[in-house]
Amino acid sequence: MILTVTLNAAIDRTVAVPNFRLGHRHRAVESRTSPGGKGINVARALNRLGRPVIATGFAGGPTGNRLLEQLREESVLTDFIRIAADTRINMAVIDPTSGEQTEINERGPAVSPEEVEAFVARLGYLADGARLCVLAGTLPPGAGGDLYARLVKDLTDRGVPVVLDSEGEAMLAGLRAGAAMVTPNEREAEELVGQEFDGRQDLVHGLSELVRLGAGEAAITRPDGCAAVIGEGAERRFVEVRTEPLEPVSTVGSGDAFLAGYAAARYDGRAAEECLAYGVACGAESTQHFGAGAVDRSQVERLLGEVHVQDLEVPAEV
């Protein structure tokens, strides 16, 4: 079983608005409302890929009730801790004429120390039947900036590898705690290592720094795939995994689909580069759908043959 953790879950509303311009009145041509938050998007994609998954995290109030009800309708298994405050609502506006998207995300409900402790205990219980855990997304107010670090350590001690995808101090703390794999996008990785990337050499240096900070392995996601460091010791490799981008319907949640594909392949016991390739295929295929976490398993298998893996040149000082 795979666990996905979404501590700042949401109801995501996505609307398609042609020729979207700030300050003007528009009519949407399509809209969709679905449970969201990175971990939930990953769980949805894993479910569609046919892997056993349980989504957990915090859910509260009428919005939380709606979130859990919709996940049940999608046949996604859940085990959330209920909190007093109402789950947040996020908005994404997609312009189908340009492919641009605008996101407005609420900060999220505050959680109490008692609610945090209840979740830590619940995750420990669920971990007994898990082979992998994905911690994804931002932390809600009140959770404490070290919560991911605490969860990474506890899960690792229980023998459950952790894949971490967050940002800022929460991501850095979890990385330093020894997450098995971290998957920031390029902007998030630049923030973590304190430098901008200009070409492959900078990516290699960035990946090396993520490992030095504590990650077992790392992948920096990009629109056409990812650059990654895999293996350890003398077997360590720096690779680039990419495919030709498809004409997108929507790119919302493509990074979450990558993460789901990586987790699915890792659950299957595939080699590290195969896990990355499957993730890239899932990320690319997800851009053909309107709504985060939507993937077509048969199309992913087709696209997998178009994913290319090549070793990156490693500077002598790395």
# chains A, B, ... in the order shown; residues from 1 in each chain; ligands from 1
$ residues_around --residues "stretch 102-115 of chain A" --least-positions-apart "4" --cutoff "7 Å" --atoms "only C-alpha atoms" --output "VMD selection string"
chain A and resid 8 83 85 to 94 119 140 to 143
$ select_by_dssp --residues "stretch 129-243 of chain A" --states "alpha helix (DSSP H)" --output "PyMOL selection string"
chain A and resi 147-157+168-176+186-193+200-213
$ residues_around --residues "stretch 218-229 of chain A" --least-positions-apart "3" --cutoff "7 Å" --atoms "only C-alpha atoms" --output "JSON, numbers by chain"
{"A": [181, 182, 183, 184, 185, 186, 189, 207, 210, 211, 215, 236, 237, 238, 239, 240, 241, 242, 243, 244, 245, 280]}
$ residues_around --residues "stretch 161-166 of chain A" --least-positions-apart "4" --cutoff "8 Å" --atoms "only C-alpha atoms" --output "PyMOL selection string"
chain A and resi 131-138+152+155-156+170-171+174-175+179-184+263
$ residues_around --residues "stretch 49-62 of chain A" --least-positions-apart "2" --cutoff "8 Å" --atoms "only C-alpha atoms" --output "count of residues only"
38
$ atom_distance --atom1 "atom CA of A:Val160" --atom2 "atom CA of A:Leu126"
10.7 Å
$ closest_residue --among "A:Arg150, A:Lys38, A:His289, A:His26" --to "A:Ile11" --atoms "only C-alpha atoms"
A:Lys38
$ residues_around --residues "A:Gly253" --least-positions-apart "3" --cutoff "8 Å" --atoms "only C-alpha atoms" --output "VMD selection string"
chain A and resid 38 41 256 to 257 286 291 to 293
$ write_last_selection --atoms "N, CA and C atoms" --output "PDB file, in the first residue's frame"
ATOM      1  N   LYS A  38      -1.815  18.633  -2.986  1.00  0.00           N
ATOM      2  CA  LYS A  38      -0.883  17.805  -3.749  1.00  0.00           C
ATOM      3  C   LYS A  38      -1.032  16.313  -3.435  1.00  0.00           C
ATOM      4  N   ASN A  41      -4.156  14.878  -4.995  1.00  0.00           N
ATOM      5  CA  ASN A  41      -3.976  14.721  -6.442  1.00  0.00           C
ATOM      6  C   ASN A  41      -3.136  13.481  -6.756  1.00  0.00           C
ATOM      7  N   ASP A 256       2.108  16.725  -9.817  1.00  0.00           N
ATOM      8  CA  ASP A 256       1.531  15.711  -8.936  1.00  0.00           C
ATOM      9  C   ASP A 256       1.401  14.381  -9.668  1.00  0.00           C
ATOM     10  N   ALA A 257       1.068  14.431 -10.959  1.00  0.00           N
ATOM     11  CA  ALA A 257       0.996  13.210 -11.759  1.00  0.00           C
ATOM     12  C   ALA A 257       2.378  12.575 -11.897  1.00  0.00           C
ATOM     13  N   SER A 286      -0.926  13.668 -18.182  1.00  0.00           N
ATOM     14  CA  SER A 286      -1.910  14.405 -17.374  1.00  0.00           C
ATOM     15  C   SER A 286      -2.264  15.755 -17.983  1.00  0.00           C
ATOM     16  N   GLY A 291      -8.230  19.009 -15.007  1.00  0.00           N
ATOM     17  CA  GLY A 291      -8.376  18.600 -13.614  1.00  0.00           C
ATOM     18  C   GLY A 291      -7.132  17.886 -13.121  1.00  0.00           C
ATOM     19  N   ALA A 292      -6.661  18.242 -11.920  1.00  0.00           N
ATOM     20  CA  ALA A 292      -5.422  17.699 -11.377  1.00  0.00           C
ATOM     21  C   ALA A 292      -5.582  16.233 -10.999  1.00  0.00           C
ATOM     22  N   GLY A 293      -4.537  15.450 -11.269  1.00  0.00           N
ATOM     23  CA  GLY A 293      -4.543  14.044 -10.894  1.00  0.00           C
ATOM     24  C   GLY A 293      -5.214  13.131 -11.889  1.00  0.00           C
TER      25      GLY A 293
END
$ select_by_dssp --residues "stretch 139-254 of chain A" --states "strand (DSSP E)" --output "ChimeraX atom specification"
/A:162-165,181-182,217-222,225-230,237-242
$ write_last_selection --atoms "N, CA and C atoms" --output "compact mmCIF listing (two decimals), in the first residue's frame"
# COMPACT_ATOMS: atom_id res chain seq x y z
N VAL A 162 10.17 7.69 2.39
CA VAL A 162 9.33 8.88 2.22
C VAL A 162 9.75 9.63 0.96
N VAL A 163 8.75 9.95 0.13
CA VAL A 163 8.93 10.85 -1.00
C VAL A 163 8.32 12.18 -0.60
N LEU A 164 9.10 13.24 -0.66
CA LEU A 164 8.68 14.55 -0.15
C LEU A 164 8.61 15.58 -1.27
N ASP A 165 7.48 16.29 -1.34
CA ASP A 165 7.32 17.37 -2.32
C ASP A 165 6.61 18.53 -1.64
N MET A 181 13.45 10.47 -1.18
CA MET A 181 13.42 11.17 -2.46
C MET A 181 12.72 12.49 -2.29
N VAL A 182 13.26 13.56 -2.85
CA VAL A 182 12.60 14.85 -2.87
C VAL A 182 12.39 15.25 -4.33
N GLU A 217 17.83 10.63 -2.57
CA GLU A 217 17.85 10.91 -3.99
C GLU A 217 17.03 12.17 -4.24
N ALA A 218 17.17 12.75 -5.42
CA ALA A 218 16.44 13.98 -5.71
C ALA A 218 16.13 14.07 -7.20
N ALA A 219 14.97 14.65 -7.50
CA ALA A 219 14.59 14.92 -8.89
C ALA A 219 14.06 16.35 -8.96
N ILE A 220 14.58 17.13 -9.88
CA ILE A 220 14.11 18.49 -10.12
C ILE A 220 13.21 18.44 -11.35
N THR A 221 11.92 18.68 -11.15
CA THR A 221 10.97 18.55 -12.26
C THR A 221 10.97 19.80 -13.12
N ARG A 222 10.75 19.57 -14.44
CA ARG A 222 10.74 20.64 -15.44
C ARG A 222 9.60 20.36 -16.42
N GLY A 225 10.21 17.16 -18.34
CA GLY A 225 10.66 15.97 -17.62
C GLY A 225 11.33 16.32 -16.32
N CYS A 226 12.54 15.80 -16.09
CA CYS A 226 13.24 16.09 -14.84
C CYS A 226 14.73 15.83 -15.01
N ALA A 227 15.50 16.39 -14.09
CA ALA A 227 16.90 16.02 -13.90
C ALA A 227 16.98 15.42 -12.52
N ALA A 228 17.78 14.36 -12.35
CA ALA A 228 17.74 13.64 -11.08
C ALA A 228 19.11 13.08 -10.73
N VAL A 229 19.29 12.85 -9.43
CA VAL A 229 20.44 12.10 -8.94
C VAL A 229 19.88 10.86 -8.27
N ILE A 230 20.37 9.70 -8.68
CA ILE A 230 19.85 8.42 -8.19
C ILE A 230 21.01 7.53 -7.77
N ARG A 237 24.33 8.23 -9.94
CA ARG A 237 24.27 8.74 -11.31
C ARG A 237 23.45 10.01 -11.35
N PHE A 238 23.82 10.91 -12.25
CA PHE A 238 23.03 12.10 -12.55
C PHE A 238 22.42 11.89 -13.93
N VAL A 239 21.11 11.98 -14.02
CA VAL A 239 20.44 11.67 -15.28
C VAL A 239 19.44 12.76 -15.63
N GLU A 240 19.17 12.86 -16.92
CA GLU A 240 18.10 13.71 -17.42
C GLU A 240 17.06 12.80 -18.07
N VAL A 241 15.80 13.01 -17.69
CA VAL A 241 14.71 12.19 -18.20
C VAL A 241 13.71 13.15 -18.84
N ARG A 242 13.44 12.97 -20.12
CA ARG A 242 12.59 13.95 -20.79
C ARG A 242 11.77 13.30 -21.90
$ atom_distance --atom1 "atom CA of A:Gln201" --atom2 "atom CA of A:Glu188"
17.5 Å
